[in-house]
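Novice: Just passing along the structure, written as C-alpha cells.
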Amino acid sequence: MNTTETNTTLDMNKKSIYSLQLDELKSWLTENDEKPFRAEQIFDWLYKKRITAFEDMSNVAKGLRDKISEHFQLTTLNTAIQQTSADGTIKFLFELHDGYSIETVLMRHDYGNSVCVTTQVGCRIGCTFCASTLGGLKRHLEAGEIVAQVVKVQQTLDETNERVDSVVIMGIGEPFDNYDNMLSFLKIINHEKALNIGARHITVSTSGIVPKIYQFADEQTQINFAISLHAPNTELRSRLMPINKAYKLDDLMKAVRYYIDKTGRRISFEYGLFGGVNDSIEHAEELASLLKGIKCHVNLIPVNYVPERDYVRTPREKIFAFEKTLKNLGINVTIRREQGSDIDAACGQLRAKERKEETR
Ligand code: SF4
C-alpha cells in the first residue's frame, strides 16, 4: 500500500525544535525572557502528546507560542510515500525541507516495534552492496531530523495505541560520520521527559570508523553497539567495504577489544551473506577464529538482491550450514528474520527507486 499525506510547507531557515535538549530549551527560554520551567511543558506537548502544530499547546501563552514558531520549525519531514508490507513492516520515504529524501522503517518483532532511522542523506562510505551510497553523501541530518523520524512513526502507532519500543540506527548513512548529531539524537530519545526509550533498547551500528569507536567507548553509554563486518579477513573486507582500506581489520578488532574492556558490554557483528562471495564453510571457520575470545554475537543477514548491484542471495541450506559451523565453533549466532520482502526492504532501495536524481 502506498499513501501520500497532505503535507505542510517546510521552512529551511528555522531550526527543528526536536534538535534541542531540555537544558538547551531552558536556556533559550531564559534568553527570551520566559520562565525555564516552560521547557518541561513544551517537551510534554512535543513528546508525550505529540502535537502536530504549536497552536495545540493550550497551556502555553499565545505570546510564547508565537515566539517559538518564529524561531523553530515543528514539522521537518513530510511523508512522501508510506509502504506497508504483508508482515506489518512499514517503510516511509520522508521529504526534507531542501527537497532531499530519506527512509525510515518500522519493523514488527515479537518483542515489540522497532524503528530503523537514517542519519545522513546518502552516504560516502561506498560499501559495494549498498544502494544508499549510490550518488554519495548529500548532507548530514540535524539531530532534530533524526528525532522527527521516531516521532512521525510514533504518531502513526498512536492510531492503534502502540508504541515505539526500540530504535536501531542502521538506515541510510554512517552514524559515526555524523557523530555529534547522532549523539544528540540518542540523548533526546533516551530522555525521560522526551520519548524515554531506554538505552538498552537503542542500537547504533557503524561500518568501522575506528577513532569514533574509541570515542563512543569513552562515552560509557548503555546503548547497544553493532559493527558491520561482512568479511572474515582484511582482503575480502576491503573488496566489499572500501572503508577497510582506511581502517584495517586489525585496527578495527583492536578498537573492538578496547570498547569491550571499557564498557563491559557485548558487541554485535553484522555479517551479510553474499552468494559465492563470503558464505563458504571456510569463511565461517575464519570468522570464528577472528572472533575467538571476543564477547560478541553474530547476526547473519541473508542479503536481498539489490538491483543496482551484482550480489545474489545465498541459498537457504548454505545459510544454515554457515550458522551451524559458527555455533559448533562456540560463536553466538542468529539468522536475521527477513522483513518487508514484498516492499523495497533493503536500506536505500525505496529512495534509489523513487528519487533517481539523488542517487546518481
Ligand atoms: S552500508 Fe551503511 S555505511 Fe555502508 S554505504 Fe550503506 S549506508 Fe553507508
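Chain labels run A, B, ... following the order of the C-alpha cells; each chain numbers its residues from 1, and ligands are numbered from 1 in the order shown.
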Env of stretch 144-152 of chain A: 8 Å cut, atoms = only C-alpha atoms, seq-sep filter 4 positions within chain, self excluded. Answer as a list of chain:residue names.

Specialist: A:Ser16, A:Ile17, A:Tyr18, A:Ser19, A:Leu20, A:Tyr47, A:Arg50, A:Thr75, A:Thr76, A:Leu77, A:Thr104, A:Val115, A:Val117, A:Thr118, A:Thr119, A:Thr156, A:Val164, A:Met182, A:Phe185, A:Ile188, A:Ile189

Novice: Report as a list in words which protein, DNA and RNA residues come within 6 Å of ligand 1, using only C-alpha atoms and all ligand atoms.

Specialist: Cys123, Ile125, Gly126, Cys127, Cys130, Ser132, Thr133, Ile172, Gly173, Glu174 and Ser207 of chain A

Novice: Nearest residue to A:Val167 out of A:Lys292, A:Arg239, A:Lys193, A:Arg200, using only C-alpha atoms?

Specialist: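 Ranked by minimum distance to A:Val167, first place goes to A:Arg200.
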
Novice: Report as a ChimeraX atom specification all protein, DNA and RNA residues lying within 9 Å of A:Leu25, evaluated on only C-alpha atoms, omitting residues in the same chain fewer than 2 positions from it.

Specialist: /A:17,20-23,27-30,36,38-40,42

Novice: Just list the residues in stretch 60-258 of chain A DSSP gives strand (DSSP E or B) on the backbone, as an MDAnalysis selection string.

Specialist: chainID A and resid 72:73 78:84 90:95 101:109 112:116 120:122 137:140 166:169 202:206 224:228

Novice: Could you write out that same residue set with C-alpha atoms as a JSON list (two decimals), in the first residue's frame?

Specialist:
```
[["chain", "number", "residue", "atom", "x", "y", "z"],
["A", 72, "PHE", "CA", 11.67, 26.92, 15.38],
["A", 73, "GLN", "CA", 10.07, 24.51, 12.99],
["A", 78, "ASN", "CA", 6.81, 15.33, 5.00],
["A", 79, "THR", "CA", 5.65, 11.79, 4.26],
["A", 80, "ALA", "CA", 6.04, 11.30, 0.51],
["A", 81, "ILE", "CA", 5.43, 7.55, 0.44],
["A", 82, "GLN", "CA", 4.29, 5.02, 3.03],
["A", 83, "GLN", "CA", 4.51, 1.34, 2.03],
["A", 84, "THR", "CA", 3.05, -1.39, 4.24],
["A", 90, "ILE", "CA", 6.08, -0.03, 7.18],
["A", 91, "LYS", "CA", 8.58, 1.86, 5.08],
["A", 92, "PHE", "CA", 8.42, 5.66, 4.97],
["A", 93, "LEU", "CA", 10.01, 7.93, 2.41],
["A", 94, "PHE", "CA", 10.23, 11.36, 4.05],
["A", 95, "GLU", "CA", 10.96, 14.59, 2.22],
["A", 101, "SER", "CA", 14.52, 12.42, 0.85],
["A", 102, "ILE", "CA", 15.31, 9.78, 3.45],
["A", 103, "GLU", "CA", 13.94, 6.39, 4.50],
["A", 104, "THR", "CA", 12.69, 5.21, 7.89],
["A", 105, "VAL", "CA", 11.37, 1.72, 8.61],
["A", 106, "LEU", "CA", 9.00, 0.40, 11.28],
["A", 107, "MET", "CA", 9.62, -3.29, 11.93],
["A", 108, "ARG", "CA", 7.32, -5.58, 13.91],
["A", 109, "HIS", "CA", 9.04, -8.13, 16.15],
["A", 112, "GLY", "CA", 7.91, -5.05, 20.08],
["A", 113, "ASN", "CA", 8.01, -2.30, 17.48],
["A", 114, "SER", "CA", 11.40, -1.19, 16.28],
["A", 115, "VAL", "CA", 12.24, 1.86, 14.18],
["A", 116, "CYS", "CA", 15.26, 1.99, 11.89],
["A", 120, "GLN", "CA", 22.53, 11.20, 6.54],
["A", 121, "VAL", "CA", 21.16, 11.99, 3.10],
["A", 122, "GLY", "CA", 23.18, 9.40, 1.17],
["A", 137, "LEU", "CA", 26.74, 11.91, 0.61],
["A", 138, "LYS", "CA", 24.47, 14.91, 0.10],
["A", 139, "ARG", "CA", 24.42, 16.16, 3.70],
["A", 140, "HIS", "CA", 24.27, 15.23, 7.38],
["A", 166, "SER", "CA", 13.24, 0.18, 20.29],
["A", 167, "VAL", "CA", 15.33, 2.16, 17.83],
["A", 168, "VAL", "CA", 18.14, 1.00, 15.57],
["A", 169, "ILE", "CA", 20.45, 3.45, 13.82],
["A", 202, "ILE", "CA", 18.69, 1.51, 21.23],
["A", 203, "THR", "CA", 21.33, 0.11, 18.87],
["A", 204, "VAL", "CA", 23.88, 2.05, 16.86],
["A", 205, "SER", "CA", 25.79, 0.40, 14.04],
["A", 206, "THR", "CA", 28.98, 1.52, 12.31],
["A", 224, "ASN", "CA", 23.85, -1.47, 22.16],
["A", 225, "PHE", "CA", 26.68, -1.39, 19.67],
["A", 226, "ALA", "CA", 26.98, -3.20, 16.36],
["A", 227, "ILE", "CA", 29.68, -3.36, 13.70],
["A", 228, "SER", "CA", 29.05, -4.18, 10.05]]
```

Novice: Select from stretch 67-305 of chain A everything DSSP, run on the backbone, classes as alpha helix (DSSP H), then give the selection as a ChimeraX atom specification.

Specialist: /A:67-71,143-158,179-190,210-219,234-240,243-246,249-263,281-291

Novice: Using only C-alpha atoms for the distances, tell me which of A:Ser280, A:Asn178, A:Ser85, A:Gln41 is nearest to A:Arg65.

Specialist: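 Comparing A:Ser280, A:Asn178, A:Ser85, A:Gln41 against A:Arg65, the winner is A:Gln41.
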